[in-house]
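First comes the structure, then the notes that go with it.
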Amino acid sequence: DYMRDGDTLVVEPGTYLPFDLGQRRVVIQGQNPFAPPVVDASRHDGGYALLFPDFCRGAPATPPAEGPTTPPGITIAGDQGPETVLDTLRVTGGDTDRGGGILILDAAPQLINLAVDSNRAVDGGGIYVEGTDPDFNGATLQNVTIQQNTATNPEVLGGGGGIYANAPIAITSSQIIGNVAEIRGGGIYANSLNQPAGMGAIAVTISGSQIAENS
């Protein structure tokens, strides 16, 4: 293992492969805010592994004729809490079923100083958040720019060009701009229908942020 719970990885500028954190509770932080590391999910033909080579996942060398062609840029799906942090990264080039840029399942990480742009997914073009565990459920976004992402789901209960939320999210000092959804939620789509009984409606808290020019 290259990292253990509680470790911080400081990443130099460059372009890196998509990755899955597994169950690691760590901090991934870009070294230079003026040249943030780029996690490019479209780099299925080789590139630098940011961390955990066994968890770096590229798409097939020959993408399918139709449907998703890459994994999410970053996957967090291991019961992590707010001790798991992504800071000062750009995530781009995703084309998948859920969370083209970032996929969060049953986890509650912090996303800070990120740019999530030019990703595509059936649901949650930029970020997809889903949780059924009340102890690890949701995400916190601070100073995150989510722009020019696309959700292609044509169904009534799908969408979320910028964000698809099936778990609580708190958004502060962020920008959600120029995202597109086929049906619902060009900027944000919150859907509580898949939540377990008793968990109630999805709480989306937004402060000091700009949400504009989504369609």
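Just remember, in the structure tokens the first chain shown is A, the second B, etc., residues are 1-based per chain, and ligands are 1-based in the order shown.
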TODO: List the neighbours of range 135-152 of chain A out to 7 Å using only C-alpha atoms; skip same-chain residues closer than 2 positions along the sequence, and give me the result as a PyMOL selection string.
DONE: chain A and resi 79-81+106-126+129+131-133+154+159-162+167-182
Open item on the list: If DSSP is run on the backbone, what residues of range 76-195 of chain A are strand (DSSP E or B)? A reply as a VMD selection string would be ideal.
Closed with: chain A and resid 76 85 to 92 95 to 98 102 to 105 110 to 117 120 to 123 127 to 130 139 to 142 145 to 147 150 to 151 159 163 to 166 169 to 172 175 to 177 180 to 181 184 188 to 190
Open item on the list: Would you compute the distance between CA of Phe34 in chain A and CA of Leu86 in chain A? Give it in Å to one decimal.
Closed with: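 Atom-to-atom, CA of Phe34 in chain A and CA of Leu86 in chain A are spaced 16.1 Å apart.
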- [ ] State, in Å with one decimal place, the distance from CA of Ala190 in chain A to CA of Gln29 in chain A.
- [x]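 It comes out at 28.2 Å.
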Task: Close residues, Leu157 in chain A itself excluded, 9 Å, only C-alpha atoms, min 2 positions apart in chain, as a count of residues only - done: 8
